[in-house]
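Novice: This is data-v2.cif, which holds mmCIF, C-alpha atoms; chains and numbers go by the auth columns:
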data_target
loop_
_atom_site.group_PDB
_atom_site.id
_atom_site.type_symbol
_atom_site.label_atom_id
_atom_site.label_comp_id
_atom_site.label_asym_id
_atom_site.label_seq_id
_atom_site.Cartn_x
_atom_site.Cartn_y
_atom_site.Cartn_z
_atom_site.B_iso_or_equiv
_atom_site.auth_seq_id
_atom_site.auth_asym_id
ATOM 1 C CA ILE A 1 6.003 -8.808 -14.187 0.00 1 A
ATOM 2 C CA ALA A 2 5.578 -11.141 -17.096 0.00 2 A
ATOM 3 C CA LYS A 3 2.157 -11.488 -18.599 0.00 3 A
ATOM 4 C CA SER A 4 1.407 -15.148 -19.230 0.00 4 A
ATOM 5 C CA ALA A 5 -1.311 -17.803 -19.059 0.00 5 A
ATOM 6 C CA PRO A 6 -3.839 -18.266 -17.558 0.00 6 A
ATOM 7 C CA MET A 7 -4.528 -14.525 -17.849 0.00 7 A
ATOM 8 C CA ALA A 8 -5.671 -13.074 -21.177 0.00 8 A
ATOM 9 C CA PRO A 9 -2.841 -11.706 -23.340 0.00 9 A
ATOM 10 C CA GLY A 10 -1.489 -8.419 -22.052 0.00 10 A
ATOM 11 C CA VAL A 11 -3.218 -8.631 -18.682 0.00 11 A
ATOM 12 C CA VAL A 12 -1.071 -7.898 -15.626 0.00 12 A
ATOM 13 C CA GLY A 13 -3.932 -8.640 -13.255 0.00 13 A
ATOM 14 C CA LEU A 14 -4.385 -5.292 -11.513 0.00 14 A
ATOM 15 C CA ASP A 15 -7.413 -3.128 -10.915 0.00 15 A
ATOM 16 C CA ILE A 16 -6.100 0.371 -10.199 0.00 16 A
ATOM 17 C CA ALA A 17 -7.412 3.819 -9.351 0.00 17 A
ATOM 18 C CA VAL A 18 -5.653 6.761 -10.991 0.00 18 A
ATOM 19 C CA PRO A 19 -6.189 9.965 -8.994 0.00 19 A
ATOM 20 C CA PRO A 20 -5.891 13.412 -10.604 0.00 20 A
ATOM 21 C CA VAL A 21 -2.918 14.090 -8.298 0.00 21 A
ATOM 22 C CA GLY A 22 -0.602 11.400 -6.996 0.00 22 A
ATOM 23 C CA TYR A 23 0.299 7.828 -7.807 0.00 23 A
ATOM 24 C CA PRO A 24 -1.999 5.056 -9.057 0.00 24 A
ATOM 25 C CA LYS A 25 -3.312 2.861 -6.232 0.00 25 A
ATOM 26 C CA VAL A 26 -3.916 -0.867 -6.533 0.00 26 A
ATOM 27 C CA LEU A 27 -7.539 -1.628 -5.699 0.00 27 A
ATOM 28 C CA ARG A 28 -7.447 -5.348 -6.419 0.00 28 A
ATOM 29 C CA VAL A 29 -4.990 -8.012 -7.552 0.00 29 A
ATOM 30 C CA PHE A 30 -6.521 -10.876 -9.491 0.00 30 A
ATOM 31 C CA PRO A 31 -5.789 -14.376 -8.158 0.00 31 A
ATOM 32 C CA GLY A 32 -3.240 -16.278 -10.210 0.00 32 A
ATOM 33 C CA SER A 33 -2.188 -13.146 -12.093 0.00 33 A
ATOM 34 C CA PRO A 34 1.394 -12.101 -12.834 0.00 34 A
ATOM 35 C CA ALA A 35 0.884 -9.188 -10.415 0.00 35 A
ATOM 36 C CA GLU A 36 -0.060 -11.576 -7.599 0.00 36 A
ATOM 37 C CA GLN A 37 2.917 -13.799 -8.409 0.00 37 A
ATOM 38 C CA ALA A 38 5.179 -10.718 -8.196 0.00 38 A
ATOM 39 C CA GLY A 39 3.833 -9.894 -4.719 0.00 39 A
ATOM 40 C CA ILE A 40 1.823 -6.766 -5.523 0.00 40 A
ATOM 41 C CA ARG A 41 -1.068 -6.265 -3.083 0.00 41 A
ATOM 42 C CA ALA A 42 -4.232 -4.185 -2.793 0.00 42 A
ATOM 43 C CA ASN A 43 -3.498 -0.650 -1.499 0.00 43 A
ATOM 44 C CA ASP A 44 0.053 -0.631 -2.919 0.00 44 A
ATOM 45 C CA LEU A 45 1.017 2.508 -4.821 0.00 45 A
ATOM 46 C CA LEU A 46 2.552 2.110 -8.279 0.00 46 A
ATOM 47 C CA LEU A 47 5.416 4.594 -8.424 0.00 47 A
ATOM 48 C CA SER A 48 6.953 3.657 -11.762 0.00 48 A
ATOM 49 C CA VAL A 49 6.961 1.085 -14.554 0.00 49 A
ATOM 50 C CA ASP A 50 10.260 0.446 -16.323 0.00 50 A
ATOM 51 C CA GLY A 51 11.580 3.736 -14.944 0.00 51 A
ATOM 52 C CA VAL A 52 8.558 5.795 -16.097 0.00 52 A
ATOM 53 C CA ASN A 53 7.352 7.872 -13.133 0.00 53 A
ATOM 54 C CA LEU A 54 3.567 7.439 -12.799 0.00 54 A
ATOM 55 C CA TYR A 55 3.012 10.517 -10.598 0.00 55 A
ATOM 56 C CA ASN A 56 0.181 12.737 -11.865 0.00 56 A
ATOM 57 C CA LEU A 57 -0.269 10.804 -15.109 0.00 57 A
ATOM 58 C CA SER A 58 -3.696 10.365 -16.675 0.00 58 A
ATOM 59 C CA ARG A 59 -5.399 6.982 -16.806 0.00 59 A
ATOM 60 C CA GLN A 60 -4.511 6.728 -20.489 0.00 60 A
ATOM 61 C CA GLN A 61 -0.841 7.460 -19.778 0.00 61 A
ATOM 62 C CA VAL A 62 -0.707 4.876 -16.985 0.00 62 A
ATOM 63 C CA ASP A 63 -2.387 2.278 -19.197 0.00 63 A
ATOM 64 C CA ALA A 64 0.112 3.054 -21.969 0.00 64 A
ATOM 65 C CA ALA A 65 3.062 2.619 -19.560 0.00 65 A
ATOM 66 C CA ILE A 66 1.848 -0.869 -18.632 0.00 66 A
ATOM 67 C CA SER A 67 2.615 -2.990 -21.681 0.00 67 A
ATOM 68 C CA ASP A 68 -0.046 -5.125 -23.324 0.00 68 A
ATOM 69 C CA GLU A 69 2.538 -7.340 -25.028 0.00 69 A
ATOM 70 C CA PRO A 70 2.146 -10.980 -23.937 0.00 70 A
ATOM 71 C CA GLY A 71 5.360 -12.267 -22.376 0.00 71 A
ATOM 72 C CA GLN A 72 6.753 -8.740 -21.892 0.00 72 A
ATOM 73 C CA VAL A 73 8.600 -8.417 -18.580 0.00 73 A
ATOM 74 C CA GLN A 74 8.274 -5.037 -16.865 0.00 74 A
ATOM 75 C CA GLU A 75 9.772 -3.677 -13.663 0.00 75 A
ATOM 76 C CA PHE A 76 7.324 -2.041 -11.241 0.00 76 A
ATOM 77 C CA THR A 77 8.445 0.188 -8.370 0.00 77 A
ATOM 78 C CA VAL A 78 5.881 -0.128 -5.598 0.00 78 A
ATOM 79 C CA ALA A 79 5.281 1.538 -2.225 0.00 79 A
ATOM 80 C CA ARG A 80 3.418 -0.269 0.540 0.00 80 A
ATOM 81 C CA GLY A 81 2.402 1.917 3.449 0.00 81 A
ATOM 82 C CA PHE A 82 5.434 4.065 4.158 0.00 82 A
ATOM 83 C CA LYS A 83 7.908 1.567 2.691 0.00 83 A
ATOM 84 C CA LEU A 84 9.487 1.569 -0.744 0.00 84 A
ATOM 85 C CA LEU A 85 9.670 -2.044 -1.862 0.00 85 A
ATOM 86 C CA PRO A 86 12.408 -3.522 -4.029 0.00 86 A
ATOM 87 C CA PRO A 87 11.399 -3.438 -7.715 0.00 87 A
ATOM 88 C CA VAL A 88 9.315 -6.411 -8.847 0.00 88 A
ATOM 89 C CA LYS A 89 9.243 -8.027 -12.267 0.00 89 A
#
Please render this file's structure as structure tokens.
Specialist:
Amino acid sequence: IAKSAPMAPGVVGLDIAVPPVGYPKVLRVFPGSPAEQAGIRANDLLLSVDGVNLYNLSRQQVDAAISDEPGQVQEFTVARGFKLLPPVK
């Protein structure tokens, strides 16, 4: 996922919940965001970012794994329902 206009610098466009145990869950995808353009949807689970497993990480660790560098392309591994989706960038 590349972060680019019209979103603010470093914004992927996801609102996520980070449980104490498990993977972060997408609560909302902002319209026009890089996340929406990549096909990420509400209720998807974020399994990894650039190969970093997000299981049982704290909110701070998850936020740190998701780059805030404008123009940075990252690969997200996402699960939807019981399906593992191909990585999205």
Novice: Could you tell me, as a ChimeraX atom specification, exactly which residues end up selected when the PyMOL selection byres ((chain A and resi 37) around 12) is applied to this structure?
Specialist: /A:1-4,12-14,29-36,38-41,88-89
Novice: Evaluate the PyMOL selection byres ((chain A and resi 43-46) around 8) on the structure here and hand back the selected residues as a PDB file with C-alpha atoms, keeping the file's coordinate frame.
Specialist:
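result28.pdb written:
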ATOM      1  CA  TYR A  23       0.299   7.828  -7.807  1.00  0.00           C
ATOM      2  CA  PRO A  24      -1.999   5.056  -9.057  1.00  0.00           C
ATOM      3  CA  LYS A  25      -3.312   2.861  -6.232  1.00  0.00           C
ATOM      4  CA  VAL A  26      -3.916  -0.867  -6.533  1.00  0.00           C
ATOM      5  CA  LEU A  27      -7.539  -1.628  -5.699  1.00  0.00           C
ATOM      6  CA  ARG A  28      -7.447  -5.348  -6.419  1.00  0.00           C
ATOM      7  CA  ILE A  40       1.823  -6.766  -5.523  1.00  0.00           C
ATOM      8  CA  ARG A  41      -1.068  -6.265  -3.083  1.00  0.00           C
ATOM      9  CA  ALA A  42      -4.232  -4.185  -2.793  1.00  0.00           C
ATOM     10  CA  LEU A  47       5.416   4.594  -8.424  1.00  0.00           C
ATOM     11  CA  SER A  48       6.953   3.657 -11.762  1.00  0.00           C
ATOM     12  CA  VAL A  49       6.961   1.085 -14.554  1.00  0.00           C
ATOM     13  CA  LEU A  54       3.567   7.439 -12.799  1.00  0.00           C
ATOM     14  CA  PHE A  76       7.324  -2.041 -11.241  1.00  0.00           C
ATOM     15  CA  THR A  77       8.445   0.188  -8.370  1.00  0.00           C
ATOM     16  CA  VAL A  78       5.881  -0.128  -5.598  1.00  0.00           C
ATOM     17  CA  ALA A  79       5.281   1.538  -2.225  1.00  0.00           C
ATOM     18  CA  ARG A  80       3.418  -0.269   0.540  1.00  0.00           C
ATOM     19  CA  GLY A  81       2.402   1.917   3.449  1.00  0.00           C
TER      20      GLY A  81
END
Novice: Between CA of Asn56 (chain A) and CA of Val11 (chain A), what is the distance, to one decimal in Å?
Specialist: 22.7 Å
Novice: What separation in Å, quoted to one decimal, exists between CA of Glu69 (chain A) and CA of Lys83 (chain A)?
Specialist: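 Atom-to-atom, CA of Glu69 (chain A) and CA of Lys83 (chain A) are spaced 29.6 Å apart.
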Novice: Quick one: everything within 12 Å of Ser58 (chain A), counting all atoms listed in the file, minus sequence neighbours fewer than 5 positions away in the same chain. Send it as a PyMOL selection string.
Specialist: chain A and resi 17-24+53+63-65
Novice: Selected residues, C-alpha atoms, written as a PDB file, keeping the file's coordinate frame, please.
Specialist:
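Output contents, as saved in part35.pdb:
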ATOM      1  CA  ALA A  17      -7.412   3.819  -9.351  1.00  0.00           C
ATOM      2  CA  VAL A  18      -5.653   6.761 -10.991  1.00  0.00           C
ATOM      3  CA  PRO A  19      -6.189   9.965  -8.994  1.00  0.00           C
ATOM      4  CA  PRO A  20      -5.891  13.412 -10.604  1.00  0.00           C
ATOM      5  CA  VAL A  21      -2.918  14.090  -8.298  1.00  0.00           C
ATOM      6  CA  GLY A  22      -0.602  11.400  -6.996  1.00  0.00           C
ATOM      7  CA  TYR A  23       0.299   7.828  -7.807  1.00  0.00           C
ATOM      8  CA  PRO A  24      -1.999   5.056  -9.057  1.00  0.00           C
ATOM      9  CA  ASN A  53       7.352   7.872 -13.133  1.00  0.00           C
ATOM     10  CA  ASP A  63      -2.387   2.278 -19.197  1.00  0.00           C
ATOM     11  CA  ALA A  64       0.112   3.054 -21.969  1.00  0.00           C
ATOM     12  CA  ALA A  65       3.062   2.619 -19.560  1.00  0.00           C
TER      13      ALA A  65
END
Novice: To one decimal place, how far is CA of Gln61 (chain A) from CA of Glu75 (chain A) in Å?
Specialist: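 These atoms are spaced 16.6 Å apart.
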